[in-house]
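A.B. asks: So here's protein.csv, just CSV, C-alpha atoms:
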chain,number,residue,atom,x,y,z
A,1,MET,CA,-5.8,-10.3,-12.2
A,2,PHE,CA,-4.1,-9.5,-8.9
A,3,LYS,CA,-6.1,-7.3,-6.5
A,4,ILE,CA,-3.9,-5.5,-4.1
A,5,LEU,CA,-5.0,-3.2,-1.2
A,6,PHE,CA,-2.4,-1.1,0.5
A,7,ILE,CA,-3.3,-0.1,4.0
A,8,CYS,CA,-2.1,2.4,6.6
A,9,LEU,CA,-3.6,4.3,9.5
A,10,GLY,CA,-5.2,7.2,7.7
A,11,ASN,CA,-5.0,6.5,4.0
A,12,ILE,CA,-3.5,9.9,3.3
A,13,CYS,CA,0.3,9.3,3.4
A,14,ARG,CA,1.8,5.8,3.1
A,15,SER,CA,-0.9,3.7,1.5
A,16,PRO,CA,-1.8,6.1,-1.3
A,17,MET,CA,1.9,6.5,-1.9
A,18,ALA,CA,2.2,2.8,-2.3
A,19,GLU,CA,-1.0,2.6,-4.4
A,20,PHE,CA,0.0,5.2,-6.9
A,21,LEU,CA,3.7,4.1,-7.0
A,22,MET,CA,2.7,0.5,-7.7
A,23,LYS,CA,0.2,1.6,-10.4
A,24,ASP,CA,3.0,3.6,-12.0
A,25,MET,CA,5.4,0.6,-11.8
A,26,VAL,CA,2.9,-1.8,-13.4
A,27,LYS,CA,2.0,0.7,-16.1
A,28,LYS,CA,5.7,1.2,-17.1
A,29,ARG,CA,6.0,-2.6,-17.4
A,30,GLY,CA,2.8,-2.9,-19.5
A,31,LEU,CA,1.1,-5.0,-16.8
A,32,GLU,CA,-1.9,-2.7,-16.0
A,33,SER,CA,-4.5,-5.2,-17.1
A,34,ALA,CA,-3.0,-7.8,-14.6
A,35,PHE,CA,-3.6,-5.6,-11.6
A,36,TYR,CA,-6.3,-3.8,-9.6
A,37,ILE,CA,-4.6,-1.6,-7.0
A,38,ALA,CA,-6.2,0.5,-4.3
A,39,SER,CA,-5.6,1.7,-0.7
A,40,ALA,CA,-7.5,2.2,2.5
A,41,ALA,CA,-7.2,3.2,6.2
A,42,THR,CA,-7.6,1.2,9.3
A,43,SER,CA,-9.0,4.3,11.1
A,44,SER,CA,-11.8,6.7,10.3
A,45,TYR,CA,-9.7,9.8,11.1
A,46,GLU,CA,-9.2,11.0,7.6
A,47,ILE,CA,-12.1,9.5,5.6
A,48,GLY,CA,-13.0,11.7,2.7
A,49,ASN,CA,-9.8,13.8,3.0
A,50,PRO,CA,-7.4,14.2,0.1
A,51,VAL,CA,-3.9,12.7,0.0
A,52,HIS,CA,-1.4,14.6,2.3
A,53,PRO,CA,0.4,17.4,0.5
A,54,GLY,CA,3.8,15.8,1.4
A,55,THR,CA,2.8,12.6,-0.4
A,56,ARG,CA,1.4,14.5,-3.4
A,57,LYS,CA,4.6,16.6,-3.6
A,58,LYS,CA,6.9,13.5,-3.3
A,59,LEU,CA,5.1,11.5,-6.0
A,60,ALA,CA,4.9,14.6,-8.3
A,61,GLN,CA,8.7,14.6,-8.3
A,62,TYR,CA,8.4,11.3,-10.3
A,63,GLY,CA,5.5,12.5,-12.5
A,64,ILE,CA,2.9,10.5,-10.5
A,65,SER,CA,-0.5,12.1,-9.8
A,66,VAL,CA,-2.9,11.1,-7.0
A,67,SER,CA,-5.7,13.3,-8.4
A,68,GLY,CA,-9.1,12.4,-7.1
A,69,LYS,CA,-7.9,10.1,-4.4
A,70,THR,CA,-9.6,10.5,-1.0
A,71,ALA,CA,-9.2,8.4,2.1
A,72,VAL,CA,-11.5,5.4,2.5
A,73,GLN,CA,-11.7,2.9,5.4
A,74,LEU,CA,-10.9,-0.8,5.2
A,75,THR,CA,-14.0,-3.1,5.7
A,76,LYS,CA,-14.4,-6.7,6.5
A,77,ALA,CA,-15.7,-7.3,3.0
A,78,ASP,CA,-12.4,-6.1,1.6
A,79,TYR,CA,-10.8,-9.4,2.7
A,80,ASN,CA,-12.7,-11.3,0.1
A,81,LYS,CA,-12.3,-8.6,-2.6
A,82,TYR,CA,-8.5,-8.6,-2.5
A,83,ASP,CA,-5.7,-11.1,-3.0
A,84,TYR,CA,-3.2,-9.2,-1.0
A,85,LEU,CA,-3.9,-6.8,1.9
A,86,ILE,CA,-0.6,-5.0,2.6
A,87,GLY,CA,0.0,-2.9,5.7
A,88,MET,CA,2.9,-0.5,6.3
A,89,GLU,CA,3.7,-1.4,9.9
A,90,ALA,CA,2.9,-4.0,12.6
A,91,SER,CA,0.1,-1.9,14.1
A,92,ASN,CA,-1.6,-1.8,10.7
A,93,ILE,CA,-1.4,-5.6,10.6
A,94,ARG,CA,-3.0,-5.9,14.0
A,95,ASN,CA,-5.8,-3.5,12.9
A,96,ILE,CA,-6.3,-5.3,9.6
A,97,LEU,CA,-6.7,-8.6,11.4
A,98,ARG,CA,-9.2,-7.1,13.8
A,99,ILE,CA,-11.3,-5.5,11.1
A,100,THR,CA,-11.3,-8.5,8.8
A,101,GLY,CA,-11.7,-11.1,11.5
A,102,GLY,CA,-8.4,-12.9,10.8
A,103,ASP,CA,-6.4,-14.1,7.9
A,104,PRO,CA,-7.4,-17.7,7.1
A,105,GLU,CA,-6.2,-17.4,3.5
A,106,HIS,CA,-2.8,-15.8,4.3
A,107,LYS,CA,-3.4,-12.6,2.4
A,108,VAL,CA,-2.1,-10.1,4.9
A,109,TYR,CA,1.5,-8.9,4.8
A,110,LYS,CA,3.6,-6.0,5.7
A,111,LEU,CA,5.0,-4.3,2.6
A,112,LEU,CA,8.6,-4.8,3.6
A,113,ASP,CA,8.1,-8.5,4.2
A,114,PHE,CA,8.7,-8.9,0.5
A,115,THR,CA,12.2,-7.4,0.9
A,116,GLY,CA,13.1,-10.0,3.5
A,117,SER,CA,13.0,-7.2,6.2
A,118,ASN,CA,10.7,-7.0,9.2
A,119,ARG,CA,11.0,-3.2,9.3
A,120,ASP,CA,8.0,-1.0,9.6
A,121,ILE,CA,7.6,1.9,7.2
A,122,ALA,CA,7.7,5.1,9.2
A,123,ASP,CA,4.6,7.3,9.1
A,124,PRO,CA,5.6,10.7,7.6
A,125,TRP,CA,2.6,12.4,9.1
A,126,TYR,CA,4.6,12.0,12.4
A,127,THR,CA,8.2,12.1,11.1
A,128,GLY,CA,7.7,14.7,8.3
A,129,ASN,CA,10.2,12.7,6.3
A,130,PHE,CA,8.5,11.8,3.0
A,131,ASP,CA,11.8,10.9,1.4
A,132,VAL,CA,12.6,8.0,3.7
A,133,THR,CA,9.0,6.8,3.5
A,134,TYR,CA,9.1,6.9,-0.3
A,135,ASP,CA,12.4,5.0,-0.4
A,136,ASP,CA,11.0,2.2,1.8
A,137,ILE,CA,7.7,2.1,-0.2
A,138,TYR,CA,9.7,2.0,-3.5
A,139,GLU,CA,11.8,-0.9,-2.1
A,140,GLY,CA,8.7,-2.8,-0.9
A,141,CYS,CA,6.7,-2.3,-4.1
A,142,THR,CA,9.7,-3.3,-6.3
A,143,ALA,CA,10.1,-6.5,-4.2
A,144,LEU,CA,6.3,-7.2,-4.3
A,145,LEU,CA,6.2,-6.9,-8.1
A,146,GLU,CA,9.2,-9.2,-8.4
A,147,PHE,CA,7.6,-11.6,-6.0
A,148,LEU,CA,4.4,-11.8,-8.2
A,149,GLN,CA,6.4,-12.0,-11.5
A,150,ASN,CA,8.6,-14.8,-10.1
A,151,LYS,CA,5.5,-16.7,-9.3
A,152,ASN,CA,4.6,-16.4,-13.0
A,153,GLN,CA,1.3,-14.9,-12.0
A,154,CYS,CA,1.4,-11.8,-14.2
I'd like the structure from this file rewritten - as structure tokens, please.
C.D. replies:
Amino acid sequence: MFKILFICLGNICRSPMAEFLMKDMVKKRGLESAFYIASAATSSYEIGNPVHPGTRKKLAQYGISVSGKTAVQLTKADYNKYDYLIGMEASNIRNILRITGGDPEHKVYKLLDFTGSNRDIADPWYTGNFDVTYDDIYEGCTALLEFLQNKNQC
């Protein structure tokens, strides 16, 4: 089983979008039993808050629900719990490494690394553009899933 933790600043926009989009992708491919997927924040700003309405609305356009999800914060212990800790932007990566104490097992990635791009995924909390964020996350999740399937790991 692959354990993937998607991470952003507040865990209300990008990382839950990635979490629930990836869950939908693996479900549609019949791979649910091969994955455990969750999301978390590097900050405590939004802990306990529900997913941002913009993320809920965008995912609902594709029939994806985020019902019951509230923001949680990344912990040092999460490093040992997950196989992949995937941030949305460079500042997330720096904060992940600070919280976890480093990456000796090479588990930390930016989502778009799997696409061959070094781009960050823009935070729609600031930009207001959930469409662009969705497109980038879709591209990243698709590439991540292909990466794992090509490794014959699922």
A.B. asks: From the list A:Gly54, A:Gly10, A:Gly48, A:Gly30, which residue is nearest Thr133 of chain A when using only C-alpha atoms?
C.D. replies: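 Checking each of A:Gly54, A:Gly10, A:Gly48, A:Gly30 against Thr133 of chain A, counting only C-alpha atoms, the winner is A:Gly54.
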A.B. asks: Need the shell around Arg94 of chain A: protein/DNA/RNA residues with any atom at most 12 Å away, counting only C-alpha atoms. Skip same-chain ones fewer than 5 positions apart. Format as number ranges by chain?
C.D. replies: A: 7-9, 42, 86-89, 99-103, 108-110
A.B. asks: Which of these residues is nearest to Asn11 of chain A, using all atoms listed in the file: A:Gly140, A:Pro50, A:Pro104, A:Gly68?
C.D. replies: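 For Asn11 of chain A, the nearest of the candidates is A:Pro50.
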A.B. asks: Nearest to Arg29 of chain A: which of A:Thr142, A:Asn49, A:Ala60, A:Lys151 is it, counting all atoms listed in the file?
C.D. replies: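 Ranked by minimum distance to Arg29 of chain A, first place goes to A:Thr142.
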A.B. asks: Between atom CA of Leu144 of chain A and atom CA of Phe2 of chain A, what is the distance, to one decimal in Å?
C.D. replies: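 Taking atom CA of Leu144 of chain A and atom CA of Phe2 of chain A, their separation equals 11.6 Å.
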A.B. asks: Of the residues A:Trp125, A:Ile64, A:Ser33, A:Ala41, which is the one nearest to Phe20 of chain A, using all atoms listed in the file?
C.D. replies: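 Nearest to Phe20 of chain A: A:Ile64.
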A.B. asks: Is it possible to get the axis-aligned box enclosing segment 96-109 of chain A (all listed atoms, 4 Å extra per side) as AutoDock Vina command-line options, with centre and edge lengths in Å rounded to one decimal?
C.D. replies:
--center_x -5.1 --center_y -11.5 --center_z 8.1 --size_x 21.2 --size_y 20.4 --size_z 19.4
A.B. asks: Select, from A:Arg14, A:Lys69, A:Lys3, A:Lys23, the residue with the minimum atom-to-atom distance to Asp123 of chain A, counting all atoms listed in the file.
C.D. replies: A:Arg14
A.B. asks: Restricting the calculation to only C-alpha atoms, which member of A:Cys13, A:Ile121, A:Ala90, A:Ile4 is positioned closest to Glu139 of chain A?
C.D. replies: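 Between A:Cys13, A:Ile121, A:Ala90, A:Ile4, the residue approaching Glu139 of chain A most closely is A:Ile121.
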A.B. asks: Report, in Å to a single decimal, how far apart atom CA of Cys141 of chain A and atom CA of Thr115 of chain A are.
C.D. replies: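 These atoms are spaced 9.0 Å apart.
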A.B. asks: Give me, as number ranges by chain, all polymer residues having an atom no more than 12 Å from Lys57 of chain A, counting all atoms listed in the file and skipping those fewer than 3 positions away in the same chain.
C.D. replies: A: 13, 17, 51-54, 60-67, 130-131, 134
